[in-house]
file my_file16.tsv (TSV, C-alpha atoms)
chain	number	residue	atom	x	y	z
A	1	MET	CA	0.00	0.00	0.00
A	2	GLU	CA	1.31	3.45	-0.92
A	3	GLU	CA	2.33	5.63	2.02
A	4	GLN	CA	-0.04	8.49	2.81
A	5	TRP	CA	0.85	11.65	4.68
A	6	VAL	CA	-1.36	14.03	6.62
A	7	TRP	CA	-0.56	17.65	7.47
A	8	VAL	CA	-1.31	18.46	11.11
A	9	PRO	CA	-1.73	22.18	12.01
A	10	PHE	CA	-0.28	24.02	15.01
A	11	GLU	CA	-0.51	27.67	15.99
A	12	VAL	CA	2.25	29.55	17.79
A	13	ASP	CA	1.22	30.75	21.24
A	14	LYS	CA	2.48	34.08	22.56
A	15	LYS	CA	4.92	32.42	24.97
A	16	PHE	CA	6.86	30.97	21.98
A	17	ASP	CA	7.15	34.27	20.13
A	18	GLY	CA	10.66	34.64	18.66
A	19	TYR	CA	11.67	30.99	19.17
A	20	ARG	CA	13.56	29.08	16.51
A	21	ILE	CA	11.09	26.67	14.97
A	22	ASP	CA	13.08	23.59	16.03
A	23	ARG	CA	12.96	24.76	19.64
A	24	PHE	CA	9.25	25.59	19.38
A	25	LEU	CA	8.38	22.15	18.00
A	26	ALA	CA	10.52	20.33	20.55
A	27	GLN	CA	8.50	22.13	23.25
A	28	ARG	CA	5.15	21.62	21.52
A	29	LEU	CA	5.36	17.99	20.35
A	30	VAL	CA	5.11	15.06	22.74
A	31	GLY	CA	7.99	12.62	22.38
A	32	TYR	CA	10.10	14.79	20.04
A	33	SER	CA	13.62	15.84	21.01
A	34	ARG	CA	15.21	18.83	19.31
A	35	SER	CA	17.43	16.55	17.20
A	36	LYS	CA	14.40	14.55	16.08
A	37	VAL	CA	12.60	17.76	15.15
A	38	GLN	CA	15.62	18.86	13.13
A	39	ARG	CA	15.49	15.60	11.14
A	40	VAL	CA	11.80	16.24	10.39
A	41	LEU	CA	12.67	19.76	9.24
A	42	ALA	CA	15.50	18.44	7.05
A	43	ASP	CA	12.99	16.11	5.36
A	44	SER	CA	10.86	19.15	4.38
A	45	ARG	CA	7.99	17.94	6.52
A	46	VAL	CA	7.36	21.29	8.25
A	47	MET	CA	5.64	24.29	6.68
A	48	LYS	CA	5.38	27.78	8.13
A	49	GLU	CA	2.60	29.84	6.55
A	50	SER	CA	2.57	27.39	3.59
A	51	ARG	CA	6.35	27.58	2.99
A	52	PRO	CA	9.01	24.97	3.91
A	53	ALA	CA	10.75	25.85	7.17
A	54	LYS	CA	14.39	25.46	8.20
A	55	ALA	CA	15.63	24.70	11.71
A	56	ASN	CA	16.65	28.31	12.33
A	57	THR	CA	13.36	29.79	11.07
A	58	LYS	CA	11.89	32.13	13.72
A	59	VAL	CA	8.22	31.84	14.70
A	60	ARG	CA	5.89	34.63	15.79
A	61	THR	CA	2.65	34.70	17.76
A	62	GLY	CA	-0.22	33.41	15.60
A	63	ASP	CA	1.99	31.78	12.95
A	64	LYS	CA	0.40	28.71	11.36
A	65	ILE	CA	2.73	25.71	11.37
A	66	GLN	CA	1.99	22.40	9.63
A	67	ILE	CA	3.81	19.10	10.10
A	68	ALA	CA	3.50	16.06	7.83
A	69	TYR	CA	2.91	12.76	9.63
A	70	LEU	CA	2.74	9.30	8.10
A	71	ARG	CA	-0.93	8.38	8.15
A	72	ARG	CA	-1.92	5.39	10.26
A	73	PRO	CA	-4.94	3.10	9.77
A	74	GLU	CA	-8.13	4.17	11.57
A	75	ALA	CA	-11.77	3.13	11.77
A	76	PRO	CA	-13.78	4.40	8.76
A	77	LEU	CA	-16.57	6.93	9.20
A	78	ALA	CA	-20.15	5.74	8.95
A	79	PRO	CA	-21.76	6.68	5.59
A	80	ASP	CA	-24.31	8.90	7.36
A	81	ALA	CA	-21.80	10.53	9.73
A	82	SER	CA	-22.43	14.25	10.22
A	83	ILE	CA	-22.06	17.09	12.70
A	84	PRO	CA	-24.81	19.54	13.79
A	85	VAL	CA	-24.56	23.00	12.22
A	86	LEU	CA	-25.47	25.95	14.47
A	87	PHE	CA	-24.83	28.79	11.99
A	88	GLU	CA	-23.67	29.07	8.40
A	89	ASP	CA	-23.27	31.79	5.80
A	90	GLU	CA	-20.85	32.48	2.95
A	91	ASP	CA	-17.96	33.12	5.36
A	92	LEU	CA	-18.50	31.05	8.49
A	93	LEU	CA	-19.53	27.57	9.56
A	94	ILE	CA	-20.24	27.11	13.27
A	95	VAL	CA	-20.90	23.58	14.51
A	96	ASN	CA	-21.86	21.82	17.72
A	97	LYS	CA	-18.88	19.54	18.36
A	98	PRO	CA	-19.76	16.27	20.10
A	99	ALA	CA	-17.64	15.08	23.00
A	100	ASP	CA	-14.88	12.56	22.24
A	101	LEU	CA	-14.09	14.09	18.85
A	102	LEU	CA	-10.78	15.78	18.04
A	103	SER	CA	-10.95	19.22	16.46
A	104	HIS	CA	-8.04	18.66	14.07
A	105	PRO	CA	-6.09	15.71	12.62
A	106	THR	CA	-3.14	14.04	14.33
A	107	ASP	CA	-0.70	11.39	13.18
A	108	LYS	CA	-3.11	8.72	14.48
A	109	ILE	CA	-6.56	10.19	13.74
A	110	VAL	CA	-7.53	12.02	10.55
A	111	ASP	CA	-11.07	11.14	9.49
A	112	ASN	CA	-12.55	10.93	12.98
A	113	THR	CA	-12.01	14.63	13.67
A	114	VAL	CA	-14.15	17.72	13.10
A	115	LEU	CA	-12.22	18.58	9.93
A	116	GLY	CA	-12.26	14.97	8.72
A	117	LEU	CA	-15.96	14.59	9.42
A	118	LEU	CA	-16.75	17.82	7.58
A	119	ARG	CA	-14.68	16.70	4.58
A	120	HIS	CA	-16.85	13.58	4.57
A	121	CYS	CA	-20.29	15.17	4.93
A	122	ARG	CA	-19.60	18.56	3.32
A	123	PRO	CA	-17.48	17.92	0.20
A	124	ASP	CA	-18.66	21.34	-1.04
A	125	LEU	CA	-16.38	22.94	1.58
A	126	PRO	CA	-12.84	21.76	0.79
A	127	LYS	CA	-10.99	24.71	2.39
A	128	LEU	CA	-12.15	25.08	5.98
A	129	HIS	CA	-10.03	26.87	8.60
A	130	LEU	CA	-10.42	26.10	12.32
A	131	LEU	CA	-10.77	29.43	14.12
A	132	HIS	CA	-10.15	27.97	17.58
A	133	ARG	CA	-10.05	24.52	19.14
A	134	LEU	CA	-11.82	22.50	21.78
A	135	ASP	CA	-10.22	19.66	23.70
A	136	ARG	CA	-11.25	16.20	22.56
A	137	GLU	CA	-13.67	15.62	25.45
A	138	THR	CA	-15.15	19.13	25.39
A	139	SER	CA	-18.46	19.54	23.55
A	140	GLY	CA	-20.08	22.63	22.09
A	141	VAL	CA	-19.66	25.65	19.84
A	142	LEU	CA	-16.76	25.48	17.38
A	143	ALA	CA	-16.20	28.04	14.61
A	144	LEU	CA	-14.60	27.53	11.20
A	145	ALA	CA	-13.95	29.93	8.34
A	146	LYS	CA	-14.68	29.12	4.71
A	147	ASN	CA	-11.86	31.28	3.38
A	148	ALA	CA	-8.48	32.67	4.42
A	149	LYS	CA	-9.70	36.28	4.47
A	150	THR	CA	-12.34	35.50	7.09
A	151	ALA	CA	-9.79	33.50	9.11
A	152	ARG	CA	-7.39	36.47	9.17
A	153	ALA	CA	-10.16	38.87	10.21
A	154	TRP	CA	-11.27	36.51	12.99
A	155	THR	CA	-7.69	36.30	14.30
A	156	LYS	CA	-7.53	40.10	14.51
A	157	HIS	CA	-10.84	40.20	16.35
A	158	MET	CA	-9.51	37.66	18.85
A	159	GLU	CA	-6.37	39.72	19.38
A	160	ASN	CA	-8.56	42.77	20.03
A	161	HIS	CA	-10.78	40.82	22.48
A	162	ARG	CA	-13.88	41.21	20.32
A	163	ILE	CA	-14.87	37.55	20.65
A	164	GLN	CA	-16.47	36.32	23.86
A	165	LYS	CA	-16.70	32.67	24.89
A	166	GLU	CA	-18.87	31.13	27.56
A	167	TYR	CA	-18.48	27.61	28.92
A	168	ILE	CA	-20.50	25.54	31.33
A	169	ALA	CA	-18.39	23.38	33.64
A	170	ILE	CA	-19.21	21.05	36.51
A	171	VAL	CA	-16.50	21.07	39.14
A	172	ARG	CA	-15.93	18.87	42.17
A	173	GLY	CA	-16.89	20.30	45.56
A	174	HIS	CA	-19.01	23.29	46.55
A	175	LEU	CA	-17.13	26.26	45.10
A	176	SER	CA	-17.34	29.76	46.60
A	177	PRO	CA	-17.72	32.73	46.35
A	178	ALA	CA	-20.67	33.02	43.99
A	179	GLU	CA	-18.59	34.75	41.33
A	180	GLY	CA	-14.99	35.69	40.86
A	181	VAL	CA	-11.95	36.20	38.68
A	182	ILE	CA	-9.15	33.63	38.52
A	183	ASP	CA	-6.00	35.51	37.55
A	184	MET	CA	-3.18	32.96	37.49
A	185	PRO	CA	-0.48	32.68	34.80
A	186	ILE	CA	-0.33	29.30	33.09
A	187	GLY	CA	2.58	27.40	31.58
A	188	ARG	CA	3.85	23.89	31.02
A	189	GLN	CA	4.35	22.16	34.34
A	190	GLY	CA	7.19	19.88	33.28
A	191	GLY	CA	7.72	16.41	34.68
A	192	ASP	CA	6.68	13.16	33.08
A	193	ILE	CA	3.33	14.41	31.67
A	194	ARG	CA	4.37	16.80	28.90
A	195	VAL	CA	0.86	18.03	28.09
A	196	ARG	CA	0.06	19.02	31.68
A	197	GLN	CA	-0.12	22.75	32.34
A	198	TRP	CA	-0.10	24.49	35.70
A	199	VAL	CA	-0.21	27.90	37.33
A	200	LYS	CA	2.67	30.15	38.35
A	201	VAL	CA	5.38	27.91	36.87
A	202	PRO	CA	8.55	29.20	35.20
A	203	GLY	CA	7.69	30.65	31.81
A	204	ALA	CA	3.98	30.96	32.60
A	205	VAL	CA	2.01	33.57	30.65
A	206	PRO	CA	-0.99	35.64	31.82
A	207	ALA	CA	-4.30	33.77	32.02
A	208	VAL	CA	-7.61	35.10	33.33
A	209	THR	CA	-10.96	33.33	33.75
A	210	LYS	CA	-14.11	34.96	35.10
A	211	TYR	CA	-16.78	32.68	36.55
A	212	ARG	CA	-20.28	32.76	37.98
A	213	ILE	CA	-21.88	29.93	39.94
A	214	ILE	CA	-25.16	28.60	38.59
A	215	LYS	CA	-25.89	26.22	41.45
A	216	HIS	CA	-24.49	23.84	44.02
A	217	LEU	CA	-25.80	20.31	43.96
A	218	TRP	CA	-25.08	16.72	44.81
A	219	GLY	CA	-24.10	14.75	41.76
A	220	GLN	CA	-24.74	11.09	41.25
A	221	SER	CA	-22.30	8.80	39.50
A	222	PRO	CA	-23.72	7.43	36.22
A	223	GLN	CA	-22.08	4.05	36.91
A	224	ILE	CA	-23.87	3.12	40.12
A	225	GLY	CA	-22.97	-0.11	41.85
A	226	LEU	CA	-19.23	-0.44	41.37
A	227	ASN	CA	-18.35	1.80	44.31
A	228	ARG	CA	-21.19	2.69	46.66
A	229	ASP	CA	-19.20	5.46	48.35
A	230	LEU	CA	-19.10	7.47	45.11
A	231	GLU	CA	-22.78	7.37	44.17
A	232	ARG	CA	-23.31	10.94	45.41
A	233	PHE	CA	-20.80	13.77	45.68
A	234	PRO	CA	-20.87	17.57	46.03
A	235	CYS	CA	-20.30	19.56	42.86
A	236	THR	CA	-20.87	23.03	41.45
A	237	VAL	CA	-22.19	24.08	38.07
A	238	VAL	CA	-20.47	27.24	36.84
A	239	ARG	CA	-20.44	29.53	33.84
A	240	ALA	CA	-16.83	30.27	32.88
A	241	PHE	CA	-15.73	33.18	30.72
A	242	PRO	CA	-12.07	32.85	29.63
A	243	GLN	CA	-10.49	36.24	28.96
A	244	THR	CA	-7.38	34.60	27.48
A	245	GLY	CA	-6.94	31.44	25.45
A	246	ARG	CA	-4.34	29.25	27.15
A	247	LEU	CA	-4.11	25.50	26.72
A	248	HIS	CA	-6.51	23.74	29.16
A	249	GLN	CA	-7.13	27.12	30.81
A	250	ILE	CA	-10.50	26.43	32.46
A	251	ARG	CA	-9.44	22.97	33.58
A	252	VAL	CA	-6.18	24.27	35.08
A	253	HIS	CA	-7.70	27.29	36.80
A	254	PHE	CA	-10.42	25.38	38.64
A	255	ALA	CA	-8.03	22.56	39.55
A	256	ALA	CA	-5.67	25.18	41.00
A	257	LEU	CA	-8.54	26.36	43.23
A	258	GLY	CA	-8.95	22.80	44.48
A	259	HIS	CA	-12.06	22.17	42.36
A	260	PRO	CA	-11.04	20.08	39.33
A	261	LEU	CA	-13.64	19.47	36.64
A	262	LEU	CA	-15.55	16.22	37.02
A	263	GLY	CA	-14.18	13.50	34.78
A	264	ASP	CA	-10.80	15.18	34.26
A	265	PRO	CA	-8.04	12.55	34.52
A	266	LEU	CA	-5.24	15.03	33.78
A	267	TYR	CA	-5.95	17.64	36.48
A	268	THR	CA	-7.44	15.50	39.23
A	269	GLY	CA	-4.65	14.99	41.73
A	270	ALA	CA	-1.26	14.76	40.02
A	271	GLY	CA	-2.69	13.12	36.90
A	272	GLU	CA	-2.32	9.54	38.12
A	273	ILE	CA	-5.37	8.30	36.22
A	274	TYR	CA	-4.18	10.05	33.05
A	275	LYS	CA	-0.91	8.13	33.33
A	276	LYS	CA	-2.89	4.89	33.66
A	277	MET	CA	-4.94	5.79	30.58
A	278	ILE	CA	-1.77	6.35	28.56
A	279	ALA	CA	-0.32	3.07	29.85
A	280	GLY	CA	-3.55	1.17	29.14
A	281	THR	CA	-4.02	0.17	32.78
A	282	CYS	CA	-6.99	2.42	33.66
A	283	THR	CA	-9.83	0.47	35.29
A	284	ASP	CA	-13.58	1.08	35.55
A	285	ALA	CA	-13.07	2.01	39.20
A	286	ASP	CA	-10.49	4.63	38.18
A	287	ARG	CA	-12.94	6.29	35.79
A	288	ILE	CA	-15.76	6.16	38.32
A	289	SER	CA	-13.56	7.90	40.88
A	290	LEU	CA	-13.52	10.95	38.57
A	291	GLY	CA	-17.31	11.30	38.89
A	292	PHE	CA	-18.11	11.55	35.18
A	293	ALA	CA	-17.36	9.65	31.98
A	294	ARG	CA	-15.55	12.60	30.37
A	295	VAL	CA	-14.32	16.09	31.23
A	296	ALA	CA	-17.50	17.95	32.24
A	297	LEU	CA	-16.96	20.98	30.03
A	298	HIS	CA	-19.23	22.41	27.34
A	299	ALA	CA	-18.62	25.42	25.08
A	300	ALA	CA	-22.06	26.96	25.53
A	301	SER	CA	-21.92	30.13	23.44
A	302	LEU	CA	-19.87	32.40	21.24
A	303	VAL	CA	-20.51	36.12	20.84
A	304	PHE	CA	-18.58	37.66	17.96
A	305	GLU	CA	-18.43	40.51	15.52
A	306	HIS	CA	-19.00	39.09	12.06
A	307	PRO	CA	-15.80	39.57	10.01
A	308	ARG	CA	-17.67	40.76	6.91
A	309	THR	CA	-20.74	42.64	8.20
A	310	ASN	CA	-19.26	43.88	11.53
A	311	THR	CA	-22.58	43.04	13.19
A	312	GLU	CA	-22.66	41.23	16.53
A	313	ARG	CA	-23.87	37.62	16.48
A	314	HIS	CA	-24.60	35.18	19.28
A	315	THR	CA	-24.42	31.43	18.66
A	316	SER	CA	-25.14	28.86	21.36
A	317	ALA	CA	-25.22	25.08	21.75
A	318	PRO	CA	-27.59	23.28	24.14
A	319	LEU	CA	-26.15	21.42	27.10
A	320	PRO	CA	-25.49	17.83	25.96
A	321	LYS	CA	-27.50	14.91	27.30
A	322	ASP	CA	-24.69	13.46	29.42
A	323	MET	CA	-24.26	16.67	31.42
A	324	GLN	CA	-28.02	17.09	31.70
A	325	ALA	CA	-28.26	13.52	32.99
A	326	LEU	CA	-25.75	14.34	35.71
A	327	LEU	CA	-27.86	17.30	36.78
A	328	LYS	CA	-30.97	15.07	36.67
A	329	SER	CA	-33.85	16.88	38.33
A	330	SER	CA	-32.03	20.22	38.37
A	331	PRO	CA	-31.46	21.07	34.71
A	332	ILE	CA	-30.05	24.44	33.64

call {"tool": "encode", "arguments": {"input": "my_file16.tsv", "output": "structure tokens"}}
result
Amino acid sequence: MEEQWVWVPFEVDKKFDGYRIDRFLAQRLVGYSRSKVQRVLADSRVMKESRPAKANTKVRTGDKIQIAYLRRPEAPLAPDASIPVLFEDEDLLIVNKPADLLSHPTDKIVDNTVLGLLRHCRPDLPKLHLLHRLDRETSGVLALAKNAKTARAWTKHMENHRIQKEYIAIVRGHLSPAEGVIDMPIGRQGGDIRVRQWVKVPGAVPAVTKYRIIKHLWGQSPQIGLNRDLERFPCTVVRAFPQTGRLHQIRVHFAALGHPLLGDPLYTGAGEIYKKMIAGTCTDADRISLGFARVALHAASLVFEHPRTNTERHTSAPLPKDMQALLKSSPI
């Protein structure tokens, strides 16, 4: 079978501004040393803004970087696979991303991603640009541009804080006060979990999240019977309004307050269950101990100034059934 390659996109965060591209990628890619990155660059498998990059190429905030990975086999999409559309016009496509779906391709998963799914069900839209990303387990509003001009305008609006995001999260414990501002810089924590971020670490960059409590309640584990002590637990439903866009920002900020999101294996404790998931040793009891089957985070709404018309629009996605089921008799 002929080898197939897939181009995986990355965007340069502010904290990497001015880095050589080999240093940036060694920091950004899991399992890649700087020498390995340099070999990838020498093979012309890295593009910066659609041009081949050299090891000493400098990157700037917002630069679009693409890396070619050898494509691996994956499960095919169902013929009727689709994704709900919340808003669409000649410039934008805004969808309701399901949980457990990657936003963009990786070296392992191409078709079973938002972009892959849209290529499958919307062949009339061959040139879509992700305008932001949601973690794999996060559901909700996700915006894409149909052309490069709209994508550039959206980026400028983001830089000028003209795009507002609202999330609904369910966190462990009864959080207080009723509303607040979490102002804690975020950066890579280091250690043996390379993707884990944390607050006030060396190299951390500013990160601010506003929040407002919706209600306190007692949750009930959806997998009753395996551990009777965990059938009910205190939790808090909050609206979160990130003022910056750091990796895992909402998850990190609430975990730093001592209230990790339900279902979050990476930021509950020191990430022990995440390590088990990576090693393939995670048990049913481990997942149940997290209180939810996935990270309890939903991108509820997006308020933005339309790049072409300059009119304000508000797009929202309903709370998914799994989070509603957790709330049971107390829906939002």

call {"tool": "closest_residue", "arguments": {"input": "my_file16.tsv", "among": "A:Thr113, A:Ser176, A:Gln164, A:Ser289", "to": "Arg313 of chain A", "atoms": "all atoms listed in the file"}}
result
A:Gln164

call {"tool": "residues_around", "arguments": {"input": "my_file16.tsv", "residues": "Leu101 of chain A", "least_positions_apart": "6", "cutoff": "9 Å", "atoms": "all atoms listed in the file", "output": "ChimeraX atom specification"}}
result
/A:112-114,135-139

call {"tool": "closest_residue", "arguments": {"input": "my_file16.tsv", "among": "A:Ile94, A:Ile21, A:Cys235, A:Leu326", "to": "Lys58 of chain A", "atoms": "all atoms listed in the file"}}
result
A:Ile21

call {"tool": "closest_residue", "arguments": {"input": "my_file16.tsv", "among": "A:Leu266, A:Ala299, A:Val6, A:Leu261", "to": "Arg133 of chain A", "atoms": "all atoms listed in the file"}}
result
A:Ala299

call {"tool": "residues_around", "arguments": {"input": "my_file16.tsv", "residues": "segment 41-49 of chain A", "least_positions_apart": "5", "cutoff": "9 Å", "atoms": "only C-alpha atoms", "output": "PyMOL selection string"}}
result
chain A and resi 7+21-22+36+54-55+57+59+63-69

call {"tool": "write_last_selection", "arguments": {"input": "my_file16.tsv", "atoms": "C-alpha atoms", "output": "CSV table (one decimal), in the coordinates of the input"}}
result
chain,number,residue,atom,x,y,z
A,7,TRP,CA,-0.6,17.6,7.5
A,21,ILE,CA,11.1,26.7,15.0
A,22,ASP,CA,13.1,23.6,16.0
A,36,LYS,CA,14.4,14.6,16.1
A,54,LYS,CA,14.4,25.5,8.2
A,55,ALA,CA,15.6,24.7,11.7
A,57,THR,CA,13.4,29.8,11.1
A,59,VAL,CA,8.2,31.8,14.7
A,63,ASP,CA,2.0,31.8,13.0
A,64,LYS,CA,0.4,28.7,11.4
A,65,ILE,CA,2.7,25.7,11.4
A,66,GLN,CA,2.0,22.4,9.6
A,67,ILE,CA,3.8,19.1,10.1
A,68,ALA,CA,3.5,16.1,7.8
A,69,TYR,CA,2.9,12.8,9.6

call {"tool": "atom_distance", "arguments": {"input": "my_file16.tsv", "atom1": "atom CA of Pro177 of chain A", "atom2": "atom CA of Val295 of chain A"}}
result
22.7 Å

call {"tool": "decode", "arguments": {"input": "my_file16.tsv", "residues": "segment 313-326 of chain A", "atoms": "N, CA, C and O atoms", "output": "PDB file, in the first residue's frame"}}
result
ATOM      1  N   ARG A 313     -23.068  38.843  16.552  1.00  0.00           N
ATOM      2  CA  ARG A 313     -23.870  37.623  16.480  1.00  0.00           C
ATOM      3  C   ARG A 313     -23.645  36.815  17.749  1.00  0.00           C
ATOM      4  O   ARG A 313     -22.568  36.871  18.365  1.00  0.00           O
ATOM      5  N   HIS A 314     -24.668  36.048  18.105  1.00  0.00           N
ATOM      6  CA  HIS A 314     -24.602  35.178  19.285  1.00  0.00           C
ATOM      7  C   HIS A 314     -25.023  33.783  18.848  1.00  0.00           C
ATOM      8  O   HIS A 314     -26.136  33.596  18.348  1.00  0.00           O
ATOM      9  N   THR A 315     -24.122  32.816  19.029  1.00  0.00           N
ATOM     10  CA  THR A 315     -24.424  31.429  18.662  1.00  0.00           C
ATOM     11  C   THR A 315     -24.241  30.559  19.891  1.00  0.00           C
ATOM     12  O   THR A 315     -23.234  30.675  20.601  1.00  0.00           O
ATOM     13  N   SER A 316     -25.214  29.707  20.168  1.00  0.00           N
ATOM     14  CA  SER A 316     -25.136  28.863  21.362  1.00  0.00           C
ATOM     15  C   SER A 316     -25.444  27.414  21.016  1.00  0.00           C
ATOM     16  O   SER A 316     -26.067  27.111  19.997  1.00  0.00           O
ATOM     17  N   ALA A 317     -24.982  26.523  21.895  1.00  0.00           N
ATOM     18  CA  ALA A 317     -25.224  25.080  21.747  1.00  0.00           C
ATOM     19  C   ALA A 317     -25.864  24.568  23.024  1.00  0.00           C
ATOM     20  O   ALA A 317     -25.394  24.885  24.129  1.00  0.00           O
ATOM     21  N   PRO A 318     -26.916  23.777  22.932  1.00  0.00           N
ATOM     22  CA  PRO A 318     -27.591  23.279  24.139  1.00  0.00           C
ATOM     23  C   PRO A 318     -26.681  22.350  24.940  1.00  0.00           C
ATOM     24  O   PRO A 318     -25.787  21.709  24.392  1.00  0.00           O
ATOM     25  N   LEU A 319     -26.914  22.307  26.239  1.00  0.00           N
ATOM     26  CA  LEU A 319     -26.151  21.422  27.101  1.00  0.00           C
ATOM     27  C   LEU A 319     -26.381  19.979  26.650  1.00  0.00           C
ATOM     28  O   LEU A 319     -27.523  19.555  26.465  1.00  0.00           O
ATOM     29  N   PRO A 320     -25.320  19.199  26.456  1.00  0.00           N
ATOM     30  CA  PRO A 320     -25.489  17.826  25.960  1.00  0.00           C
ATOM     31  C   PRO A 320     -26.166  16.915  26.979  1.00  0.00           C
ATOM     32  O   PRO A 320     -26.208  17.208  28.184  1.00  0.00           O
ATOM     33  N   LYS A 321     -26.685  15.809  26.477  1.00  0.00           N
ATOM     34  CA  LYS A 321     -27.497  14.909  27.303  1.00  0.00           C
ATOM     35  C   LYS A 321     -26.726  14.337  28.477  1.00  0.00           C
ATOM     36  O   LYS A 321     -27.293  14.124  29.550  1.00  0.00           O
ATOM     37  N   ASP A 322     -25.423  14.065  28.305  1.00  0.00           N
ATOM     38  CA  ASP A 322     -24.687  13.455  29.415  1.00  0.00           C
ATOM     39  C   ASP A 322     -24.559  14.410  30.598  1.00  0.00           C
ATOM     40  O   ASP A 322     -24.702  14.007  31.754  1.00  0.00           O
ATOM     41  N   MET A 323     -24.342  15.702  30.322  1.00  0.00           N
ATOM     42  CA  MET A 323     -24.257  16.668  31.425  1.00  0.00           C
ATOM     43  C   MET A 323     -25.638  16.937  32.004  1.00  0.00           C
ATOM     44  O   MET A 323     -25.791  17.100  33.223  1.00  0.00           O
ATOM     45  N   GLN A 324     -26.666  16.945  31.181  1.00  0.00           N
ATOM     46  CA  GLN A 324     -28.024  17.086  31.696  1.00  0.00           C
ATOM     47  C   GLN A 324     -28.387  15.914  32.581  1.00  0.00           C
ATOM     48  O   GLN A 324     -29.025  16.078  33.621  1.00  0.00           O
ATOM     49  N   ALA A 325     -27.956  14.703  32.184  1.00  0.00           N
ATOM     50  CA  ALA A 325     -28.264  13.522  32.990  1.00  0.00           C
ATOM     51  C   ALA A 325     -27.607  13.600  34.362  1.00  0.00           C
ATOM     52  O   ALA A 325     -28.184  13.165  35.363  1.00  0.00           O
ATOM     53  N   LEU A 326     -26.414  14.179  34.431  1.00  0.00           N
ATOM     54  CA  LEU A 326     -25.752  14.337  35.713  1.00  0.00           C
ATOM     55  C   LEU A 326     -26.524  15.296  36.609  1.00  0.00           C
ATOM     56  O   LEU A 326     -26.658  15.094  37.813  1.00  0.00           O
TER      57      LEU A 326
END
